$ cat protein_30.cif   # mmCIF, C-alpha atoms and all ligand atoms
data_data
#
loop_
_atom_site.group_PDB
_atom_site.id
_atom_site.type_symbol
_atom_site.label_atom_id
_atom_site.label_comp_id
_atom_site.auth_asym_id
_atom_site.auth_seq_id
_atom_site.Cartn_x
_atom_site.Cartn_y
_atom_site.Cartn_z
ATOM 1 C CA MET A 609 -133.440 72.327 -62.515
ATOM 2 C CA ASN A 610 -131.519 71.485 -59.316
ATOM 3 C CA ALA A 611 -134.707 70.071 -57.799
ATOM 4 C CA ASP A 612 -134.494 67.176 -60.299
ATOM 5 C CA LYS A 613 -130.967 66.259 -59.314
ATOM 6 C CA THR A 614 -130.486 63.979 -56.343
ATOM 7 C CA ILE A 615 -126.816 64.987 -56.147
ATOM 8 C CA LEU A 616 -125.444 68.493 -56.522
ATOM 9 C CA LEU A 617 -121.793 69.059 -57.406
ATOM 10 C CA ASP A 618 -120.064 72.397 -57.114
ATOM 11 C CA ILE A 619 -116.350 72.939 -57.694
ATOM 12 C CA ALA A 620 -114.644 76.146 -56.576
ATOM 13 C CA ASP A 621 -111.373 77.152 -54.883
ATOM 14 C CA GLY A 622 -110.020 73.610 -55.099
ATOM 15 C CA VAL A 623 -113.019 72.236 -53.187
ATOM 16 C CA ALA A 624 -115.657 69.920 -54.612
ATOM 17 C CA THR A 625 -118.869 70.200 -52.631
ATOM 18 C CA VAL A 626 -121.208 67.254 -53.062
ATOM 19 C CA THR A 627 -124.699 67.730 -51.647
ATOM 20 C CA LEU A 628 -127.173 64.869 -51.162
ATOM 21 C CA ASN A 629 -130.352 66.390 -52.515
ATOM 22 C CA ARG A 630 -133.581 64.567 -51.632
ATOM 23 C CA PRO A 631 -134.501 66.755 -48.671
ATOM 24 C CA ASP A 632 -138.160 65.668 -48.465
ATOM 25 C CA ARG A 633 -136.929 62.047 -47.868
ATOM 26 C CA LEU A 634 -134.094 63.181 -45.581
ATOM 27 C CA ASN A 635 -131.691 62.469 -48.458
ATOM 28 C CA SER A 636 -132.235 58.716 -48.217
ATOM 29 C CA PHE A 637 -130.688 56.699 -51.040
ATOM 30 C CA THR A 638 -132.440 55.339 -54.099
ATOM 31 C CA ALA A 639 -130.576 53.376 -56.769
ATOM 32 C CA ALA A 640 -130.721 56.445 -59.036
ATOM 33 C CA MET A 641 -129.168 58.604 -56.334
ATOM 34 C CA HIS A 642 -126.330 56.112 -55.868
ATOM 35 C CA GLU A 643 -125.698 56.266 -59.594
ATOM 36 C CA GLU A 644 -125.598 60.075 -59.598
ATOM 37 C CA LEU A 645 -123.266 60.073 -56.624
ATOM 38 C CA ARG A 646 -120.932 57.616 -58.349
ATOM 39 C CA GLY A 647 -120.836 59.951 -61.358
ATOM 40 C CA ALA A 648 -120.111 62.990 -59.192
ATOM 41 C CA LEU A 649 -117.310 61.252 -57.300
ATOM 42 C CA ALA A 650 -115.755 60.022 -60.556
ATOM 43 C CA ALA A 651 -115.800 63.629 -61.830
ATOM 44 C CA VAL A 652 -114.134 64.781 -58.606
ATOM 45 C CA ARG A 653 -111.425 62.149 -58.937
ATOM 46 C CA GLU A 654 -110.710 63.142 -62.534
ATOM 47 C CA ASP A 655 -110.607 66.905 -61.929
ATOM 48 C CA SER A 656 -107.018 67.793 -61.067
ATOM 49 C CA SER A 657 -108.120 71.192 -59.698
ATOM 50 C CA VAL A 658 -109.944 69.456 -56.815
ATOM 51 C CA ARG A 659 -107.862 69.089 -53.646
ATOM 52 C CA CYS A 660 -110.578 68.554 -51.031
ATOM 53 C CA LEU A 661 -114.056 66.986 -51.034
ATOM 54 C CA LEU A 662 -116.852 68.319 -48.844
ATOM 55 C CA LEU A 663 -119.929 66.110 -48.439
ATOM 56 C CA THR A 664 -123.165 67.447 -46.958
ATOM 57 C CA GLY A 665 -126.952 67.178 -47.205
ATOM 58 C CA ALA A 666 -129.730 69.505 -48.344
ATOM 59 C CA GLY A 667 -132.523 70.471 -45.972
ATOM 60 C CA ARG A 668 -132.935 69.406 -42.354
ATOM 61 C CA GLY A 669 -131.297 65.979 -42.603
ATOM 62 C CA PHE A 670 -127.910 64.695 -43.700
ATOM 63 C CA CYS A 671 -128.997 61.225 -44.860
ATOM 64 C CA ALA A 672 -131.488 58.628 -43.558
ATOM 65 C CA GLY A 673 -129.712 55.707 -45.253
ATOM 66 C CA GLN A 674 -131.498 53.482 -47.709
ATOM 67 C CA ASP A 675 -134.875 54.757 -48.986
ATOM 68 C CA LEU A 676 -137.118 52.162 -47.403
ATOM 69 C CA SER A 677 -140.000 52.866 -49.759
ATOM 70 C CA ASP A 678 -137.786 51.252 -52.430
ATOM 71 C CA ARG A 679 -137.787 48.163 -50.242
ATOM 72 C CA ALA A 680 -141.479 47.675 -49.437
ATOM 73 C CA VAL A 681 -142.005 43.932 -49.599
ATOM 74 C CA ALA A 682 -145.569 42.655 -49.827
ATOM 75 C CA PRO A 683 -146.368 39.415 -47.976
ATOM 76 C CA GLY A 684 -145.547 36.453 -50.186
ATOM 77 C CA GLN A 685 -143.144 38.454 -52.361
ATOM 78 C CA GLU A 686 -139.582 37.293 -52.711
ATOM 79 C CA ALA A 687 -137.110 38.956 -50.302
ATOM 80 C CA PRO A 688 -134.869 41.576 -51.943
ATOM 81 C CA ASP A 689 -131.187 40.710 -52.214
ATOM 82 C CA LEU A 690 -129.747 43.300 -49.870
ATOM 83 C CA GLY A 691 -126.282 41.824 -50.352
ATOM 84 C CA ALA A 692 -126.461 42.823 -53.999
ATOM 85 C CA SER A 693 -127.474 46.353 -53.013
ATOM 86 C CA ILE A 694 -124.522 46.582 -50.631
ATOM 87 C CA GLU A 695 -122.113 45.155 -53.191
ATOM 88 C CA THR A 696 -123.288 47.446 -55.984
ATOM 89 C CA ASN A 697 -123.892 50.669 -54.100
ATOM 90 C CA TYR A 698 -122.838 51.082 -50.479
ATOM 91 C CA ASN A 699 -119.510 49.223 -50.453
ATOM 92 C CA PRO A 700 -118.106 50.989 -53.536
ATOM 93 C CA LEU A 701 -119.180 54.329 -52.070
ATOM 94 C CA VAL A 702 -117.343 53.734 -48.796
ATOM 95 C CA ARG A 703 -114.276 52.463 -50.643
ATOM 96 C CA THR A 704 -114.288 55.540 -52.877
ATOM 97 C CA LEU A 705 -114.463 57.941 -49.928
ATOM 98 C CA ARG A 706 -111.684 56.091 -48.093
ATOM 99 C CA ASP A 707 -109.471 55.857 -51.180
ATOM 100 C CA LEU A 708 -109.854 59.372 -52.611
ATOM 101 C CA PRO A 709 -106.343 60.858 -52.588
ATOM 102 C CA MET A 710 -107.411 64.066 -50.840
ATOM 103 C CA PRO A 711 -109.061 65.022 -47.544
ATOM 104 C CA VAL A 712 -112.784 64.264 -47.387
ATOM 105 C CA ILE A 713 -114.785 66.417 -44.994
ATOM 106 C CA CYS A 714 -118.341 65.610 -43.997
ATOM 107 C CA ALA A 715 -120.603 68.408 -42.772
ATOM 108 C CA VAL A 716 -123.446 66.582 -41.034
ATOM 109 C CA ASN A 717 -126.208 69.151 -41.203
ATOM 110 C CA GLY A 718 -128.934 67.063 -39.528
ATOM 111 C CA VAL A 719 -129.896 63.513 -38.698
ATOM 112 C CA ALA A 720 -127.561 60.822 -40.077
ATOM 113 C CA ALA A 721 -129.296 57.450 -39.810
ATOM 114 C CA GLY A 722 -128.540 53.932 -41.014
ATOM 115 C CA ALA A 723 -126.095 53.936 -43.900
ATOM 116 C CA GLY A 724 -126.229 57.741 -43.723
ATOM 117 C CA ALA A 725 -124.459 57.654 -40.346
ATOM 118 C CA ASN A 726 -121.767 55.273 -41.512
ATOM 119 C CA ILE A 727 -121.142 57.099 -44.782
ATOM 120 C CA ALA A 728 -120.502 60.230 -42.696
ATOM 121 C CA LEU A 729 -118.133 58.270 -40.452
ATOM 122 C CA ALA A 730 -116.245 56.956 -43.481
ATOM 123 C CA CYS A 731 -115.112 60.525 -44.206
ATOM 124 C CA ASP A 732 -111.782 61.807 -42.910
ATOM 125 C CA ILE A 733 -112.950 64.766 -40.862
ATOM 126 C CA VAL A 734 -116.531 64.967 -39.621
ATOM 127 C CA LEU A 735 -118.115 68.210 -38.452
ATOM 128 C CA ALA A 736 -121.716 68.138 -37.276
ATOM 129 C CA ALA A 737 -124.306 70.775 -36.496
ATOM 130 C CA ARG A 738 -125.102 70.780 -32.783
ATOM 131 C CA SER A 739 -128.692 69.754 -33.571
ATOM 132 C CA ALA A 740 -127.558 66.845 -35.756
ATOM 133 C CA SER A 741 -127.611 63.257 -34.539
ATOM 134 C CA PHE A 742 -126.286 59.823 -35.449
ATOM 135 C CA ILE A 743 -128.542 56.762 -35.372
ATOM 136 C CA GLN A 744 -127.503 53.185 -36.108
ATOM 137 C CA ALA A 745 -131.111 52.593 -37.153
ATOM 138 C CA PHE A 746 -130.467 49.176 -38.742
ATOM 139 C CA CYS A 747 -131.399 47.106 -35.674
ATOM 140 C CA LYS A 748 -134.894 48.657 -35.662
ATOM 141 C CA ILE A 749 -135.642 46.918 -38.970
ATOM 142 C CA GLY A 750 -133.762 43.685 -38.371
ATOM 143 C CA LEU A 751 -130.557 44.640 -40.202
ATOM 144 C CA ILE A 752 -126.936 45.030 -39.219
ATOM 145 C CA PRO A 753 -124.848 48.210 -39.494
ATOM 146 C CA ASP A 754 -123.447 48.365 -43.025
ATOM 147 C CA SER A 755 -121.396 50.875 -45.008
ATOM 148 C CA GLY A 756 -118.450 49.919 -42.829
ATOM 149 C CA GLY A 757 -120.236 50.578 -39.521
ATOM 150 C CA THR A 758 -119.148 47.342 -37.844
ATOM 151 C CA TRP A 759 -115.539 48.201 -38.744
ATOM 152 C CA THR A 760 -115.589 51.938 -38.120
ATOM 153 C CA LEU A 761 -117.611 52.160 -34.917
ATOM 154 C CA PRO A 762 -115.436 50.002 -32.630
ATOM 155 C CA ARG A 763 -112.347 51.805 -33.913
ATOM 156 C CA LEU A 764 -113.833 55.217 -33.174
ATOM 157 C CA VAL A 765 -115.698 54.614 -29.914
ATOM 158 C CA GLY A 766 -114.597 51.185 -28.619
ATOM 159 C CA HIS A 767 -116.394 47.851 -28.444
ATOM 160 C CA ALA A 768 -118.863 48.609 -25.628
ATOM 161 C CA ARG A 769 -120.189 51.816 -27.156
ATOM 162 C CA ALA A 770 -120.232 50.337 -30.661
ATOM 163 C CA MET A 771 -122.290 47.412 -29.399
ATOM 164 C CA GLY A 772 -124.695 49.697 -27.520
ATOM 165 C CA LEU A 773 -125.186 51.984 -30.517
ATOM 166 C CA ALA A 774 -125.667 49.057 -32.930
ATOM 167 C CA MET A 775 -128.013 47.022 -30.736
ATOM 168 C CA LEU A 776 -130.113 49.838 -29.302
ATOM 169 C CA GLY A 777 -130.287 52.169 -32.296
ATOM 170 C CA ASP A 778 -130.469 55.151 -29.932
ATOM 171 C CA LYS A 779 -130.009 58.680 -31.183
ATOM 172 C CA LEU A 780 -126.517 60.010 -30.379
ATOM 173 C CA SER A 781 -126.276 63.784 -30.305
ATOM 174 C CA ALA A 782 -123.498 65.601 -32.175
ATOM 175 C CA GLU A 783 -122.051 66.804 -28.860
ATOM 176 C CA GLN A 784 -122.003 63.284 -27.422
ATOM 177 C CA ALA A 785 -120.424 62.050 -30.669
ATOM 178 C CA GLU A 786 -117.720 64.668 -30.267
ATOM 179 C CA SER A 787 -117.084 63.843 -26.627
ATOM 180 C CA TRP A 788 -116.835 60.118 -27.507
ATOM 181 C CA GLY A 789 -114.275 60.885 -30.219
ATOM 182 C CA MET A 790 -116.614 59.655 -32.932
ATOM 183 C CA ILE A 791 -116.424 62.932 -34.868
ATOM 184 C CA TRP A 792 -113.977 65.824 -35.019
ATOM 185 C CA LYS A 793 -116.259 68.611 -33.860
ATOM 186 C CA ALA A 794 -119.823 69.762 -33.156
ATOM 187 C CA VAL A 795 -120.467 73.349 -34.223
ATOM 188 C CA ASP A 796 -123.387 75.746 -33.907
ATOM 189 C CA ASP A 797 -126.011 75.058 -36.569
ATOM 190 C CA ASP A 798 -125.725 78.472 -38.185
ATOM 191 C CA LYS A 799 -121.926 78.153 -38.373
ATOM 192 C CA LEU A 800 -121.686 74.646 -39.899
ATOM 193 C CA ALA A 801 -121.635 75.567 -43.597
ATOM 194 C CA GLU A 802 -119.249 78.467 -43.011
ATOM 195 C CA GLU A 803 -116.876 76.464 -40.812
ATOM 196 C CA ALA A 804 -116.871 73.366 -43.009
ATOM 197 C CA GLY A 805 -116.366 75.495 -46.142
ATOM 198 C CA ALA A 806 -113.464 77.399 -44.558
ATOM 199 C CA LEU A 807 -111.828 74.168 -43.411
ATOM 200 C CA ALA A 808 -112.217 72.624 -46.873
ATOM 201 C CA ARG A 809 -110.736 75.695 -48.580
ATOM 202 C CA GLN A 810 -107.838 75.708 -46.127
ATOM 203 C CA LEU A 811 -107.117 72.004 -46.702
ATOM 204 C CA ALA A 812 -107.281 72.580 -50.457
ATOM 205 C CA THR A 813 -104.224 74.832 -50.143
ATOM 206 C CA GLN A 814 -102.164 72.210 -48.289
ATOM 207 C CA PRO A 815 -99.803 69.510 -49.643
ATOM 208 C CA THR A 816 -102.532 67.281 -51.104
ATOM 209 C CA ARG A 817 -100.323 64.297 -51.836
ATOM 210 C CA GLY A 818 -98.884 64.395 -48.337
ATOM 211 C CA LEU A 819 -102.388 64.520 -46.865
ATOM 212 C CA ALA A 820 -103.410 61.571 -49.037
ATOM 213 C CA LEU A 821 -100.432 59.614 -47.689
ATOM 214 C CA ILE A 822 -101.376 60.508 -44.081
ATOM 215 C CA LYS A 823 -104.848 59.156 -44.839
ATOM 216 C CA ARG A 824 -103.414 55.904 -46.207
ATOM 217 C CA ALA A 825 -101.202 55.401 -43.167
ATOM 218 C CA LEU A 826 -103.852 56.129 -40.549
ATOM 219 C CA ASN A 827 -106.555 54.109 -42.288
ATOM 220 C CA VAL A 828 -104.561 50.903 -41.921
ATOM 221 C CA SER A 829 -102.705 51.555 -38.674
ATOM 222 C CA LEU A 830 -105.134 49.789 -36.346
ATOM 223 C CA ASP A 831 -104.828 46.629 -38.415
ATOM 224 C CA ASN A 832 -101.024 46.627 -38.528
ATOM 225 C CA ASP A 833 -98.464 45.660 -35.930
ATOM 226 C CA LEU A 834 -95.793 48.231 -35.141
ATOM 227 C CA ASP A 835 -93.212 46.652 -37.455
ATOM 228 C CA SER A 836 -95.546 46.702 -40.445
ATOM 229 C CA GLN A 837 -96.592 50.263 -39.713
ATOM 230 C CA LEU A 838 -92.966 51.396 -39.411
ATOM 231 C CA ASP A 839 -92.260 49.808 -42.799
ATOM 232 C CA LEU A 840 -95.301 51.510 -44.279
ATOM 233 C CA GLU A 841 -94.237 54.884 -42.847
ATOM 234 C CA ARG A 842 -90.810 54.409 -44.453
ATOM 235 C CA ASP A 843 -92.380 53.710 -47.841
ATOM 236 C CA LEU A 844 -94.917 56.521 -47.689
ATOM 237 C CA GLN A 845 -92.345 59.007 -46.412
ATOM 238 C CA ARG A 846 -90.148 58.081 -49.363
ATOM 239 C CA GLU A 847 -93.071 58.933 -51.635
ATOM 240 C CA ALA A 848 -93.822 62.159 -49.743
ATOM 241 C CA GLY A 849 -90.196 63.204 -49.988
ATOM 242 C CA ARG A 850 -90.404 63.054 -53.769
ATOM 243 C CA THR A 851 -93.284 65.528 -54.026
ATOM 244 C CA GLN A 852 -92.920 69.094 -55.214
ATOM 245 C CA ASP A 853 -94.847 70.263 -52.143
ATOM 246 C CA TYR A 854 -92.206 68.807 -49.810
ATOM 247 C CA ARG A 855 -89.516 70.768 -51.669
ATOM 248 C CA GLU A 856 -91.666 73.889 -51.454
ATOM 249 C CA GLY A 857 -92.372 73.382 -47.733
ATOM 250 C CA VAL A 858 -88.682 73.081 -46.881
ATOM 251 C CA ALA A 859 -87.663 75.955 -49.190
ATOM 252 C CA ALA A 860 -90.323 78.210 -47.675
ATOM 253 C CA PHE A 861 -89.261 77.300 -44.139
ATOM 254 C CA VAL A 862 -85.620 78.041 -44.831
ATOM 255 C CA ALA A 863 -86.455 81.314 -46.618
ATOM 256 C CA LYS A 864 -88.835 82.278 -43.765
ATOM 257 C CA ARG A 865 -91.753 82.815 -46.158
ATOM 258 C CA ALA A 866 -95.219 81.300 -46.493
ATOM 259 C CA PRO A 867 -95.263 78.121 -48.605
ATOM 260 C CA LYS A 868 -97.292 77.896 -51.794
ATOM 261 C CA PHE A 869 -98.361 74.291 -52.193
ATOM 262 C CA GLU A 870 -99.662 73.061 -55.532
ATOM 263 C CA GLY A 871 -100.803 69.591 -54.586
ATOM 264 C CA ARG A 872 -98.134 67.730 -56.523
HETATM 265 O O1 LIG B 901 -131.768 48.048 -48.405
HETATM 266 C C1 LIG B 901 -130.590 47.992 -48.685
HETATM 267 O O2 LIG B 901 -130.134 48.316 -49.808
HETATM 268 C C2 LIG B 901 -129.611 47.557 -47.624
HETATM 269 C C3 LIG B 901 -128.928 48.745 -47.062
HETATM 270 C C4 LIG B 901 -129.458 49.394 -46.024
HETATM 271 C C5 LIG B 901 -128.840 50.604 -45.496
HETATM 272 C C6 LIG B 901 -129.712 51.358 -44.539
HETATM 273 O O3 LIG B 901 -129.517 52.540 -44.426
HETATM 274 S S1 LIG B 901 -130.922 50.548 -43.647
HETATM 275 C C7 LIG B 901 -131.556 51.828 -42.605
HETATM 276 C C8 LIG B 901 -132.558 52.690 -43.326
HETATM 277 N N1 LIG B 901 -132.892 53.890 -42.590
HETATM 278 C C9 LIG B 901 -133.676 53.887 -41.529
HETATM 279 O O4 LIG B 901 -134.130 52.878 -41.038
HETATM 280 C C10 LIG B 901 -134.033 55.255 -40.970
HETATM 281 C C11 LIG B 901 -135.507 55.530 -41.219
HETATM 282 N N2 LIG B 901 -135.850 56.873 -40.798
HETATM 283 C C12 LIG B 901 -136.052 57.206 -39.522
HETATM 284 O O5 LIG B 901 -135.930 56.411 -38.615
HETATM 285 C C13 LIG B 901 -136.449 58.626 -39.242
HETATM 286 O O6 LIG B 901 -136.948 59.173 -40.421
HETATM 287 C C14 LIG B 901 -135.290 59.495 -38.731
HETATM 288 C C15 LIG B 901 -134.927 59.066 -37.287
HETATM 289 C C16 LIG B 901 -134.062 59.400 -39.617
HETATM 290 C C17 LIG B 901 -135.737 60.976 -38.695
HETATM 291 O O7 LIG B 901 -136.942 61.082 -37.986
HETATM 292 P P1 LIG B 901 -137.786 62.422 -38.089
HETATM 293 O O8 LIG B 901 -138.929 62.256 -37.127
HETATM 294 O O9 LIG B 901 -136.883 63.585 -37.910
HETATM 295 O O10 LIG B 901 -138.316 62.507 -39.587
HETATM 296 P P2 LIG B 901 -139.455 61.633 -40.277
HETATM 297 O O11 LIG B 901 -140.763 62.319 -40.119
HETATM 298 O O12 LIG B 901 -139.360 60.219 -39.835
HETATM 299 O O13 LIG B 901 -138.967 61.687 -41.806
HETATM 300 C C18 LIG B 901 -139.281 62.771 -42.664
HETATM 301 C C19 LIG B 901 -139.779 62.193 -43.978
HETATM 302 O O14 LIG B 901 -138.699 61.453 -44.538
HETATM 303 C C20 LIG B 901 -140.911 61.223 -43.757
HETATM 304 O O15 LIG B 901 -141.758 61.283 -44.868
HETATM 305 P P3 LIG B 901 -143.214 62.033 -44.782
HETATM 306 O O16 LIG B 901 -143.933 61.434 -43.638
HETATM 307 O O17 LIG B 901 -142.864 63.479 -44.555
HETATM 308 O O18 LIG B 901 -143.825 61.765 -46.113
HETATM 309 C C21 LIG B 901 -140.214 59.881 -43.747
HETATM 310 O O19 LIG B 901 -141.040 58.812 -44.123
HETATM 311 C C22 LIG B 901 -139.132 60.120 -44.782
HETATM 312 N N3 LIG B 901 -137.995 59.222 -44.542
HETATM 313 C C23 LIG B 901 -137.121 59.257 -43.538
HETATM 314 N N4 LIG B 901 -136.252 58.273 -43.646
HETATM 315 C C24 LIG B 901 -136.581 57.578 -44.748
HETATM 316 C C25 LIG B 901 -137.701 58.178 -45.316
HETATM 317 N N5 LIG B 901 -138.287 57.696 -46.416
HETATM 318 C C26 LIG B 901 -137.739 56.583 -46.966
HETATM 319 N N6 LIG B 901 -136.657 55.977 -46.454
HETATM 320 C C27 LIG B 901 -136.053 56.421 -45.366
HETATM 321 N N7 LIG B 901 -134.930 55.807 -44.896
#

$ encode --input "protein_30.cif" --output "structure tokens"
Amino acid sequence: MNADKTILLDIADGVATVTLNRPDRLNSFTAAMHEELRGALAAVREDSSVRCLLLTGAGRGFCAGQDLSDRAVAPGQEAPDLGASIETNYNPLVRTLRDLPMPVICAVNGVAAGAGANIALACDIVLAARSASFIQAFCKIGLIPDSGGTWTLPRLVGHARAMGLAMLGDKLSAEQAESWGMIWKAVDDDKLAEEAGALARQLATQPTRGLALIKRALNVSLDNDLDSQLDLERDLQREAGRTQDYREGVAAFVAKRAPKFEGR
């Protein structure tokens, strides 16, 4: 049954785990897979029990980007409109991950290439198996980094490294990605699922609305001047201060007990 599904969705303990499930194609994207993923993410957004999203891949790869066999162009055939593909599929996906009002963890279980790499980097906290790698494979087929890569990469690793990665398409190991500050952490292969799952379950017990506001503030900070960011912090803190979880956090601190956050 699961073998027919290109996306698996499991919800437990406040965590929605979404697994890209085309392992024999390294979980590369077809149009049908994009559609299933959209459906899964809409279900996650609508389920009020979900307080953290965990994205990962089945098999030995995380995601090899666009399925290129969907793109085979015979000589003389009209060129596909890749802009339409980006507009319909990849851009909405990145926007959804960035805008979800909860932490989004990516557990990169193997190679993340092309759009697969940049979808991982669009997540809030990225863990990767030590054997995993990141490849901006686009330049090898005459394309440019998409799925936000040209925006995300320079912010994470700086201009020089972003340019090198994008123009050379070299494989970057998980450990190198960690030491460059491109991801949160590289972990031993056999510990990835356990560690990512534990982190997701822990985050799902935290003040979800506060975490969503942190995400909003940090995602725009590099584009704001200090004055604008101070104004934004004022506005978001006002919102945070009106949450039930803020009341609970302060009450628990004063009473010297553990807080019980409900995500509202
Ligand atoms: O088109 C649009 O809509 C625009 C948007 C584009 C976004 C993009 O992502 S463009 C970039 C597309 N991705 C790539 O260019 C990466 C292509 N894949 C690779 O370079 C390599 O597969 C990897 C470096 C990722 C992994 O190499 P390796 O040696 O570990 O595995 P492999 O043997 O190459 O792949 C295993 C199988 O998966 C293989 O099939 P086979 O021989 O066992 O039948 C391979 O053909 C298949 N596979 C891997 N990547 C893709 C793929 N099949 C279709 N599309 C792929 N992207």

$ resolve_selection --input "protein_30.cif" --expression "the PyMOL selection byres (((chain A and resi 850-855) around 9) and not hetatm)" --output "list in words"
Gln814, Pro815, Thr816, Arg817, Gly818, Gln845, Arg846, Glu847, Ala848, Gly849, Glu856, Gly857, Val858, Ala859, Ala860, Pro867, Lys868, Phe869, Glu870, Gly871 and Arg872 of chain A

$ residues_around --input "protein_30.cif" --residues "Leu764 of chain A" --least-positions-apart "3" --cutoff "7 Å" --atoms "all atoms listed in the file" --output "list in words"
Thr760, Leu761, Gly789 and Met790 of chain A

$ residues_around --input "protein_30.cif" --residues "Ile727 of chain A" --least-positions-apart "4" --cutoff "7 Å" --atoms "all atoms listed in the file" --output "PDB file with C-alpha atoms, in the frame of the given file"
ATOM      1  CA  VAL A 702    -117.343  53.734 -48.796  1.00  0.00           C
ATOM      2  CA  ALA A 723    -126.095  53.936 -43.900  1.00  0.00           C
ATOM      3  CA  CYS A 731    -115.112  60.525 -44.206  1.00  0.00           C
ATOM      4  CA  SER A 755    -121.396  50.875 -45.008  1.00  0.00           C
TER       5      SER A 755
END

$ closest_atom_pairs --input "protein_30.cif" --of "chain A" --to "ligand LIG 901 (chain B)" --cutoff "7 Å" --atoms "all atoms listed in the file" --output "CSV"
residue,atom,partner,partner_atom,distance
A:Asp632,CA,B:LIG901,O14,5.8
A:Arg633,CA,B:LIG901,O14,3.8
A:Leu634,CA,B:LIG901,O14,5.0
A:Ser636,CA,B:LIG901,N7,5.2
A:Ala672,CA,B:LIG901,N7,4.6
A:Gly673,CA,B:LIG901,O3,3.3
A:Gln674,CA,B:LIG901,O3,3.9
A:Asp675,CA,B:LIG901,N6,3.3
A:Leu676,CA,B:LIG901,N6,4.0
A:Ser677,CA,B:LIG901,C26,5.2
A:Arg679,CA,B:LIG901,O1,6.3
A:Leu690,CA,B:LIG901,C2,4.8
A:Ser693,CA,B:LIG901,O2,4.6
A:Ile694,CA,B:LIG901,O2,5.9
A:Val719,CA,B:LIG901,C16,5.9
A:Ala720,CA,B:LIG901,C16,6.7
A:Ala721,CA,B:LIG901,C16,5.2
A:Gly722,CA,B:LIG901,O3,3.8
A:Ala723,CA,B:LIG901,O3,3.7
A:Gly724,CA,B:LIG901,O3,6.2
A:Ala745,CA,B:LIG901,O4,4.9
A:Phe746,CA,B:LIG901,C7,4.8
A:Lys748,CA,B:LIG901,O4,6.9
A:Ile749,CA,B:LIG901,O4,6.5
A:Leu751,CA,B:LIG901,S1,6.8
A:Asp754,CA,B:LIG901,C5,6.3

$ axis_aligned_box --input "protein_30.cif" --around "segment 791-803 of chain A" --padding-each-side "6 Å" --output "lines of an AutoDock Vina configuration file"
center_x = -120.0
center_y = 70.7
center_z = -38.4
size_x = 24.0
size_y = 27.5
size_z = 22.4

$ atom_distance --input "protein_30.cif" --atom1 "atom CA of Val795 of chain A" --atom2 "atom CA of Ile713 of chain A"
14.0 Å

$ atom_distance --input "protein_30.cif" --atom1 "atom CA of Leu780 of chain A" --atom2 "atom CA of Phe742 of chain A"
5.1 Å
